[in-house]
$ cat model-v7.cif   # mmCIF, C-alpha atoms
data_input
loop_
_atom_site.label_atom_id
_atom_site.label_comp_id
_atom_site.auth_asym_id
_atom_site.auth_seq_id
_atom_site.Cartn_x
_atom_site.Cartn_y
_atom_site.Cartn_z
CA MET A 307 122.41 37.91 139.11
CA ALA A 308 119.15 39.73 138.46
CA SER A 309 117.01 36.66 139.05
CA GLN A 310 118.80 36.01 142.34
CA ARG A 311 118.04 39.50 143.50
CA VAL A 312 114.38 39.24 142.56
CA PHE A 313 114.18 36.00 144.46
CA GLN A 314 115.81 37.55 147.55
CA LEU A 315 113.43 40.50 147.40
CA GLY A 316 110.49 38.13 147.20
CA LEU A 317 111.72 36.25 150.24
CA ARG A 318 112.15 39.44 152.25
CA ARG A 319 108.66 40.61 151.35
CA ALA A 320 107.22 37.32 152.42
CA ALA A 321 109.13 37.42 155.73
CA ALA A 322 108.28 41.02 156.67
CA PRO A 323 104.61 41.95 156.01
CA GLY A 324 105.20 45.64 156.80
CA PHE A 325 107.95 45.92 154.21
CA VAL A 326 105.77 47.32 151.43
CA THR A 327 103.93 49.85 153.58
CA PHE A 328 106.96 51.17 155.43
CA GLN A 329 109.78 52.21 153.12
CA PRO A 330 112.40 54.60 154.50
CA ALA A 331 113.93 56.90 151.93
CA GLY A 332 116.88 55.45 150.07
CA ARG A 333 116.21 51.84 151.05
CA ILE A 334 115.20 50.65 147.60
CA VAL A 335 117.70 51.31 144.86
CA GLN A 336 116.32 51.24 141.35
CA ARG A 337 118.38 49.21 138.94
CA ARG A 338 118.19 49.34 135.19
CA LEU A 339 119.84 46.54 133.30
CA ALA A 340 120.88 48.31 130.09
CA ALA A 341 123.98 47.79 128.01
CA THR A 342 126.23 50.85 127.81
CA GLN A 343 129.15 51.47 125.57
CA ASN A 344 132.01 53.93 125.65
CA VAL A 345 132.42 56.07 122.56
CA THR A 346 135.13 58.53 121.72
CA ALA A 347 134.41 62.24 121.33
CA THR A 348 134.59 62.11 117.52
CA GLU A 349 132.28 59.09 117.38
CA SER A 350 129.74 60.80 119.61
CA ASN A 351 129.89 63.87 117.37
CA GLU A 352 129.18 61.70 114.35
CA ILE A 353 126.22 60.06 116.09
CA LEU A 354 124.80 63.46 117.04
CA ALA A 355 125.32 64.83 113.52
CA LYS A 356 123.48 61.83 112.06
CA GLN A 357 120.72 62.20 114.63
CA ARG A 358 120.28 65.89 113.80
CA LEU A 359 119.75 65.04 110.15
CA GLN A 360 116.66 63.08 111.24
CA ARG A 361 115.01 66.21 112.63
CA PRO A 362 111.81 67.32 110.94
CA VAL A 363 112.08 70.21 108.47
CA SER A 364 109.53 73.03 108.43
CA PRO A 365 106.97 72.42 105.71
CA HIS A 366 106.50 74.61 102.67
CA LEU A 367 104.12 77.59 102.94
CA SER A 368 101.70 75.87 100.56
CA ILE A 369 100.40 73.58 103.33
CA TYR A 370 98.67 76.54 105.01
CA ARG A 371 95.18 77.66 104.04
CA PRO A 372 95.17 81.05 102.26
CA GLN A 373 93.97 83.56 104.85
CA ILE A 374 93.97 87.35 104.91
CA THR A 375 96.09 87.34 108.08
CA TRP A 376 99.23 86.01 106.42
CA TYR A 377 98.45 86.83 102.80
CA ALA A 378 98.28 90.56 103.61
CA SER A 379 101.60 90.31 105.40
CA SER A 380 103.27 88.65 102.39
CA LEU A 381 101.69 91.18 100.04
CA ASN A 382 103.04 93.95 102.28
CA ARG A 383 106.60 92.76 101.70
CA ILE A 384 106.04 92.12 97.99
CA THR A 385 104.57 95.58 97.38
CA GLY A 386 107.33 97.17 99.46
CA VAL A 387 110.02 95.41 97.43
CA LEU A 388 108.29 96.46 94.18
CA LEU A 389 108.06 100.11 95.22
CA SER A 390 111.58 100.34 96.62
CA GLY A 391 112.96 98.34 93.70
CA GLY A 392 111.34 100.80 91.32
CA LEU A 393 112.82 103.71 93.23
CA TYR A 394 116.31 102.13 93.16
CA LEU A 395 116.05 101.35 89.44
CA PHE A 396 114.90 104.89 88.68
CA GLY A 397 117.80 106.26 90.72
CA PHE A 398 120.35 104.12 88.88
CA ALA A 399 118.82 105.01 85.49
CA TYR A 400 118.74 108.72 86.38
CA LEU A 401 122.46 108.68 87.22
CA ALA A 402 123.31 106.66 84.10
CA ALA A 403 121.06 108.73 81.81
CA PRO A 404 123.63 111.38 80.73
CA THR A 405 126.16 108.67 79.81
CA LEU A 406 123.63 106.50 77.97
CA GLY A 407 121.91 109.42 76.29
CA TRP A 408 118.54 108.80 77.95
CA HIS A 409 116.21 111.60 78.95
CA LEU A 410 114.78 111.05 82.40
CA GLU A 411 114.33 114.70 83.41
CA THR A 412 110.83 115.61 84.56
CA PRO A 413 109.81 117.58 81.40
CA SER A 414 110.76 114.68 79.09
CA LEU A 415 109.03 112.14 81.36
CA VAL A 416 105.89 114.28 81.40
CA ALA A 417 106.00 114.64 77.61
CA ALA A 418 106.48 110.89 77.19
CA VAL A 419 103.58 109.98 79.48
CA ALA A 420 101.33 112.63 77.87
CA SER A 421 101.75 110.96 74.49
CA TRP A 422 100.41 107.61 75.79
CA PRO A 423 96.80 106.56 75.13
CA VAL A 424 94.37 107.01 78.05
CA PHE A 425 94.14 103.27 78.66
CA ALA A 426 97.91 102.92 79.07
CA LYS A 427 98.03 105.92 81.40
CA VAL A 428 95.27 104.58 83.65
CA ALA A 429 96.80 101.09 83.66
CA ALA A 430 100.29 102.39 84.51
CA LYS A 431 98.95 104.66 87.26
CA ALA A 432 96.87 101.86 88.76
CA THR A 433 99.90 99.55 88.68
CA VAL A 434 101.91 102.05 90.69
CA ALA A 435 99.05 103.27 92.88
CA PHE A 436 97.83 99.88 94.17
CA PRO A 437 101.18 98.79 95.67
CA PHE A 438 101.69 102.28 97.08
CA PHE A 439 98.31 102.48 98.79
CA PHE A 440 98.39 98.88 99.95
CA HIS A 441 101.86 99.23 101.46
CA SER A 442 101.03 102.58 103.07
CA LEU A 443 97.67 101.54 104.55
CA ASN A 444 98.96 98.13 105.63
CA GLY A 445 102.00 99.89 107.08
CA ILE A 446 99.68 101.93 109.29
CA ARG A 447 98.03 98.65 110.30
CA HIS A 448 101.42 97.24 111.22
CA LEU A 449 102.24 100.39 113.22
CA THR A 450 99.03 100.00 115.24
CA TRP A 451 100.04 96.41 116.00
CA ASP A 452 103.40 97.72 117.18
CA LEU A 453 101.47 99.86 119.67
CA GLY A 454 99.76 96.67 120.85
CA LEU A 455 96.35 97.44 119.34
CA GLY A 456 94.00 95.35 117.21
CA PHE A 457 95.46 91.94 117.90
CA LYS A 458 92.17 89.98 118.09
CA ASN A 459 91.93 87.47 115.26
CA LYS A 460 88.60 88.90 114.14
CA THR A 461 89.96 92.47 114.20
CA VAL A 462 93.04 91.42 112.21
CA MET A 463 90.81 89.90 109.53
CA GLN A 464 88.48 92.93 109.45
CA THR A 465 91.30 95.48 109.20
CA GLY A 466 93.02 93.29 106.60
CA TRP A 467 90.02 93.28 104.28
CA THR A 468 89.44 96.99 104.99
CA VAL A 469 92.98 97.73 103.84
CA VAL A 470 92.52 95.63 100.68
CA GLY A 471 89.24 97.39 99.87
CA LEU A 472 90.56 100.88 100.61
CA SER A 473 93.69 100.36 98.54
CA VAL A 474 91.72 99.06 95.54
CA VAL A 475 89.28 101.97 95.76
CA SER A 476 91.97 104.65 96.18
CA ALA A 477 94.17 103.13 93.49
CA LEU A 478 91.27 103.16 91.04
CA TYR A 479 90.24 106.68 92.08
CA PHE A 480 93.72 108.18 91.67
CA ALA A 481 94.33 106.24 88.44
CA MET A 482 91.11 107.61 86.92
CA ALA A 483 91.17 111.09 88.46
CA GLY A 484 94.72 112.08 87.56
CA MET B 130 98.50 64.31 91.75
CA ALA B 131 100.62 62.19 94.05
CA SER B 132 98.82 63.66 97.05
CA PHE B 133 95.50 62.48 95.61
CA LEU B 134 96.77 58.95 95.14
CA ARG B 135 98.53 58.61 98.42
CA PRO B 136 95.57 58.48 100.87
CA GLY B 137 94.19 55.49 99.02
CA LEU B 138 97.53 53.81 99.24
CA PHE B 139 97.73 54.40 102.96
CA ARG B 140 94.17 53.27 103.54
CA GLN B 141 95.10 49.82 102.33
CA THR B 142 98.10 49.59 104.56
CA CYS B 143 96.27 50.96 107.60
CA GLN B 144 93.08 48.94 107.25
CA ASN B 145 94.45 45.81 108.85
CA PRO B 146 96.67 46.60 111.78
CA THR B 147 99.91 44.67 111.91
CA ALA B 148 100.42 41.81 114.35
CA SER B 149 102.38 43.97 116.77
CA GLN B 150 99.60 46.58 116.86
CA CYS B 151 96.98 43.89 117.51
CA MET B 152 98.96 42.56 120.45
CA LEU B 153 99.65 45.90 122.05
CA SER B 154 96.33 47.63 121.61
CA THR B 155 93.31 46.64 123.64
CA PHE B 156 90.84 48.25 121.21
CA THR B 157 90.24 46.80 117.81
CA SER B 158 88.51 48.75 115.08
CA SER B 159 85.30 46.69 115.41
CA SER B 160 85.01 47.41 119.14
CA ILE B 161 85.24 51.17 118.51
CA LYS B 162 82.39 51.11 116.01
CA ARG B 163 80.09 49.18 118.34
CA ALA B 164 80.69 51.36 121.40
CA THR B 165 77.77 53.22 122.99
CA PRO B 166 77.96 57.05 123.31
CA LEU B 167 78.56 56.80 127.07
CA ALA B 168 81.38 54.30 126.58
CA GLN B 169 82.88 56.56 123.95
CA GLN B 170 82.93 59.45 126.44
CA LEU B 171 84.74 57.31 128.98
CA ARG B 172 87.44 56.37 126.52
CA PRO B 173 90.53 58.47 125.89
CA SER B 174 90.14 61.10 123.21
CA PHE B 175 92.21 59.32 120.61
CA VAL B 176 89.75 56.44 120.39
CA ARG B 177 86.67 58.66 120.64
CA SER B 178 86.80 59.96 117.09
CA ALA B 179 84.12 58.72 114.73
CA ILE B 180 86.47 59.02 111.75
CA PRO B 181 88.09 55.67 110.91
CA LYS B 182 91.66 55.40 112.07
CA SER B 183 93.00 54.75 108.59
CA THR B 184 91.51 58.00 107.27
CA ARG B 185 92.91 59.98 110.19
CA ILE B 186 96.39 58.59 109.64
CA ALA B 187 96.19 59.04 105.88
CA ALA B 188 95.27 62.71 106.34
CA PHE B 189 98.66 63.35 107.91
CA HIS B 190 100.43 61.76 104.98
CA ALA B 191 98.29 63.30 102.24
CA THR B 192 100.30 66.53 102.01
CA GLN B 193 102.98 66.40 99.41
CA ARG B 194 106.35 66.75 101.04
CA GLN B 195 108.11 69.84 99.74
CA GLN B 196 111.41 70.64 101.35
CA LEU B 197 112.49 74.16 100.55
CA LEU B 198 115.66 73.80 102.55
CA PRO B 199 116.69 70.21 103.28
CA PRO B 200 119.16 69.93 106.18
CA GLN B 201 122.82 70.34 105.37
CA PRO B 202 125.66 68.22 106.80
CA GLN B 203 125.64 68.99 110.51
CA LYS B 204 128.58 70.58 112.28
CA ILE B 205 128.88 70.09 116.03
CA LEU B 206 130.44 73.04 117.83
CA GLY B 207 132.25 71.97 121.00
CA THR B 208 131.21 68.68 122.55
CA VAL B 209 127.88 66.90 122.23
CA ASN B 210 126.80 68.19 125.62
CA ASP B 211 127.32 71.87 124.79
CA PRO B 212 124.14 73.82 124.06
CA ALA B 213 123.78 75.88 120.88
CA PRO B 214 125.52 79.23 121.35
CA VAL B 215 123.14 82.11 122.10
CA PRO B 216 124.21 85.48 120.65
CA THR B 217 124.84 88.17 123.25
CA PRO B 218 121.92 90.61 123.39
CA GLU B 219 122.75 93.97 121.84
CA PRO B 220 120.24 96.85 121.99
CA THR B 221 121.58 98.45 118.78
CA HIS B 222 120.70 95.24 116.89
CA GLY B 223 117.44 94.71 118.73
CA ALA B 224 115.32 97.23 120.56
CA TYR B 225 116.96 100.42 119.27
CA HIS B 226 116.98 99.19 115.69
CA TRP B 227 113.32 98.20 115.98
CA SER B 228 112.29 101.58 117.41
CA PHE B 229 114.31 103.38 114.73
CA GLU B 230 112.52 101.41 112.01
CA ARG B 231 109.10 102.31 113.44
CA LEU B 232 110.01 105.98 113.82
CA VAL B 233 111.11 106.13 110.16
CA SER B 234 107.93 104.35 109.03
CA ALA B 235 105.71 106.59 111.14
CA GLY B 236 107.54 109.68 109.89
CA LEU B 237 106.87 108.69 106.28
CA VAL B 238 103.09 108.84 106.79
CA PRO B 239 102.75 112.66 107.17
CA LEU B 240 105.59 113.27 104.69
CA CYS B 241 103.73 111.32 102.00
CA ILE B 242 100.41 113.09 102.61
CA ALA B 243 101.47 116.69 103.35
CA PRO B 244 103.06 117.72 100.00
CA PHE B 245 100.05 116.54 98.01
CA ALA B 246 97.44 117.77 100.49
CA ALA B 247 99.01 121.22 100.96
CA GLY B 248 100.14 121.54 97.36
CA SER B 249 103.24 123.45 98.38
CA LEU B 250 106.78 122.69 97.31
CA ASN B 251 109.16 122.75 100.25
CA PRO B 252 112.70 121.59 99.44
CA VAL B 253 113.51 120.70 103.07
CA MET B 254 110.41 118.53 103.36
CA ASP B 255 111.20 116.92 100.03
CA ALA B 256 114.77 116.18 101.12
CA THR B 257 113.52 114.69 104.40
CA LEU B 258 111.07 112.51 102.49
CA CYS B 259 113.91 111.28 100.23
CA ALA B 260 116.18 110.54 103.18
CA LEU B 261 113.49 108.60 105.03
CA LEU B 262 112.55 106.72 101.85
CA ILE B 263 116.19 105.66 101.40
CA ILE B 264 116.49 104.48 105.03
CA HIS B 265 113.12 102.71 104.91
CA SER B 266 113.99 100.94 101.63
CA HIS B 267 117.44 99.98 102.88
CA ILE B 268 116.05 98.47 106.09
CA GLY B 269 113.35 96.65 104.12
CA PHE B 270 115.79 95.13 101.64
CA GLU B 271 118.15 94.27 104.48
CA ALA B 272 115.36 92.36 106.24
CA CYS B 273 114.63 90.46 103.00
CA ILE B 274 118.30 89.53 102.55
CA ILE B 275 118.56 88.35 106.16
CA ASP B 276 115.41 86.24 105.68
CA TYR B 277 116.19 84.70 102.31
CA PHE B 278 119.99 84.36 102.46
CA PRO B 279 120.71 82.61 105.78
CA LYS B 280 124.26 83.23 106.97
CA ASN B 281 125.02 79.61 107.87
CA ARG B 282 123.69 78.29 104.57
CA VAL B 283 124.81 80.75 101.87
CA PRO B 284 127.45 82.95 103.53
CA VAL B 285 128.99 84.17 100.26
CA ALA B 286 125.66 85.05 98.62
CA ARG B 287 124.62 86.78 101.84
CA ASN B 288 127.73 88.95 101.88
CA LEU B 289 127.44 89.74 98.17
CA ALA B 290 123.78 90.70 98.53
CA MET B 291 124.53 92.89 101.55
CA TRP B 292 127.34 94.71 99.78
CA ALA B 293 125.27 95.13 96.62
CA LEU B 294 122.53 96.67 98.75
CA ARG B 295 124.95 99.02 100.52
CA ILE B 296 126.42 100.20 97.22
CA GLY B 297 122.96 100.52 95.70
CA THR B 298 121.71 102.60 98.62
CA VAL B 299 124.66 104.99 98.35
CA VAL B 300 124.12 105.29 94.59
CA LEU B 301 120.42 105.96 95.18
CA GLY B 302 121.35 108.67 97.67
CA VAL B 303 123.58 110.34 95.08
CA ALA B 304 120.86 109.99 92.43
CA LEU B 305 118.13 111.49 94.62
CA TYR B 306 120.47 114.33 95.68
CA SER B 307 121.13 115.12 92.05
CA PHE B 308 117.40 114.86 91.27
CA GLU B 309 116.59 117.24 94.13
CA THR B 310 119.25 119.79 93.13
CA ASN B 311 119.10 119.64 89.32
CA ASP B 312 115.44 118.73 88.80
CA VAL B 313 112.12 119.71 90.36
CA GLY B 314 112.16 117.31 93.32
CA VAL B 315 110.45 113.99 93.93
CA THR B 316 106.96 115.11 95.00
CA GLU B 317 106.69 117.73 92.26
CA ALA B 318 107.92 115.23 89.64
CA VAL B 319 105.36 112.65 90.75
CA LYS B 320 102.64 115.30 90.65
CA ARG B 321 103.54 116.45 87.12
CA VAL B 322 103.89 112.94 85.70
CA TRP B 323 100.61 111.93 87.34
CA HIS B 324 98.72 114.82 85.74
CA ALA B 325 100.48 114.45 82.38
#
$ encode --input "model-v7.cif" --output "structure tokens"
Amino acid sequence: MASQRVFQLGLRRAAAPGFVTFQPAGRIVQRRLAATQNVTATESNEILAKQRLQRPVSPHLSIYRPQITWYASSLNRITGVLLSGGLYLFGFAYLAAPTLGWHLETPSLVAAVASWPVFAKVAAKATVAFPFFFHSLNGIRHLTWDLGLGFKNKTVMQTGWTVVGLSVVSALYFAMAG
Amino acid sequence: MASFLRPGLFRQTCQNPTASQCMLSTFTSSSIKRATPLAQQLRPSFVRSAIPKSTRIAAFHATQRQQLLPPQPQKILGTVNDPAPVPTPEPTHGAYHWSFERLVSAGLVPLCIAPFAAGSLNPVMDATLCALLIIHSHIGFEACIIDYFPKNRVPVARNLAMWALRIGTVVLGVALYSFETNDVGVTEAVKRVWHA
């Protein structure tokens, strides 16, 4: 069937030299000789489900090079969760304190902290202060992005390192000074 | 360790192209190496590279495959020709929620600085700070739950986490209210503990 048609086409081309140059629209019908098969709706669903399983999966974060742009963003969430988690835990403990016989009122907390050695005090304050300052300063950075400012890659890197430096310095200052 | 071994493995398999590759491709590896700079410029970019083909291919396979979330059994909604359903846009879940988040975050900035800078104890300001802290924390935890407990993958864990957060936030509200009324207030407490 196909070979017959090719032969006929060849004959026509040979007979009419202007055939190739002058082709009115719709004269030549493209034919594709492909086998088709009817499938039921459930079968087609199964084929699609199998095909979808072949899709690529997003790779793990570890394939990306560590860069301040995305590391600062991750650290922002981690520090936020630490700070809020601490607040939630303190709230729960404060409510449970009378029942459990704990003393979490301000005077007892102050007395407890005052009895610690200087090293422990500074370490504890720095541990709280660094997440607080990092999250606060980086939060301001995020708010400026929300205003549409500072989106250049170079600016993002500069402000990122500035925030890291400032939070380390202020955490150390407030840990020592207090 | 496996990622170190693998490039070598691939280099061996890629060094000699298979029969089908030899037939289909017009360039062999020897012809690429001998090409003049001008001829290299005239060639398509994928043959232009000076790096051997085997190394380039191996580089793609060198990363260890780590699937955090391998695909689950697929469910087809509707027929195969139906597109994935798009949720109807809702400003309270989108734009309004986003603006509200930013307003709360921006409001926290002066409320964190003012009590310590001015050194005054204002109960209203302290209460506002507590309220905004609760909202900010709740929204933050909510975002984490939405990110790490996908609804279509772990629906039960997602619901449990959400309800635990809601209960926790209410309990925190009660706790901070009691701390504000029975104790000295959050900013004053932080100040005293800090200078202890």
$ closest_residue --input "model-v7.cif" --among "B:Pro216, B:Gly297, B:Gly236, B:Pro181" --to "chain A" --atoms "all atoms listed in the file"
B:Gly297
$ resolve_selection --input "model-v7.cif" --expression "the PyMOL selection byres ((chain A) within 6 of (chain B))" --output "list in words"
Ala355, His366, Ser390, Tyr394, Gly397, Leu401, Thr412, Val416, Ala420 and Gly484 of chain A
$ resolve_selection --input "model-v7.cif" --expression "the PyMOL selection byres ((chain A and resi 384-387) around 10)" --output "PyMOL selection string"
(chain A and resi 378-383+388-393+434+436-442+445) or (chain B and resi 265-266+269-270+273)
$ atom_distance --input "model-v7.cif" --atom1 "CA of Ile275 (chain B)" --atom2 "CA of Tyr400 (chain A)"
28.4 Å
$ atom_distance --input "model-v7.cif" --atom1 "CA of Pro404 (chain A)" --atom2 "CA of Ala418 (chain A)"
17.5 Å
$ atom_distance --input "model-v7.cif" --atom1 "CA of Arg447 (chain A)" --atom2 "CA of Val474 (chain A)"
16.1 Å
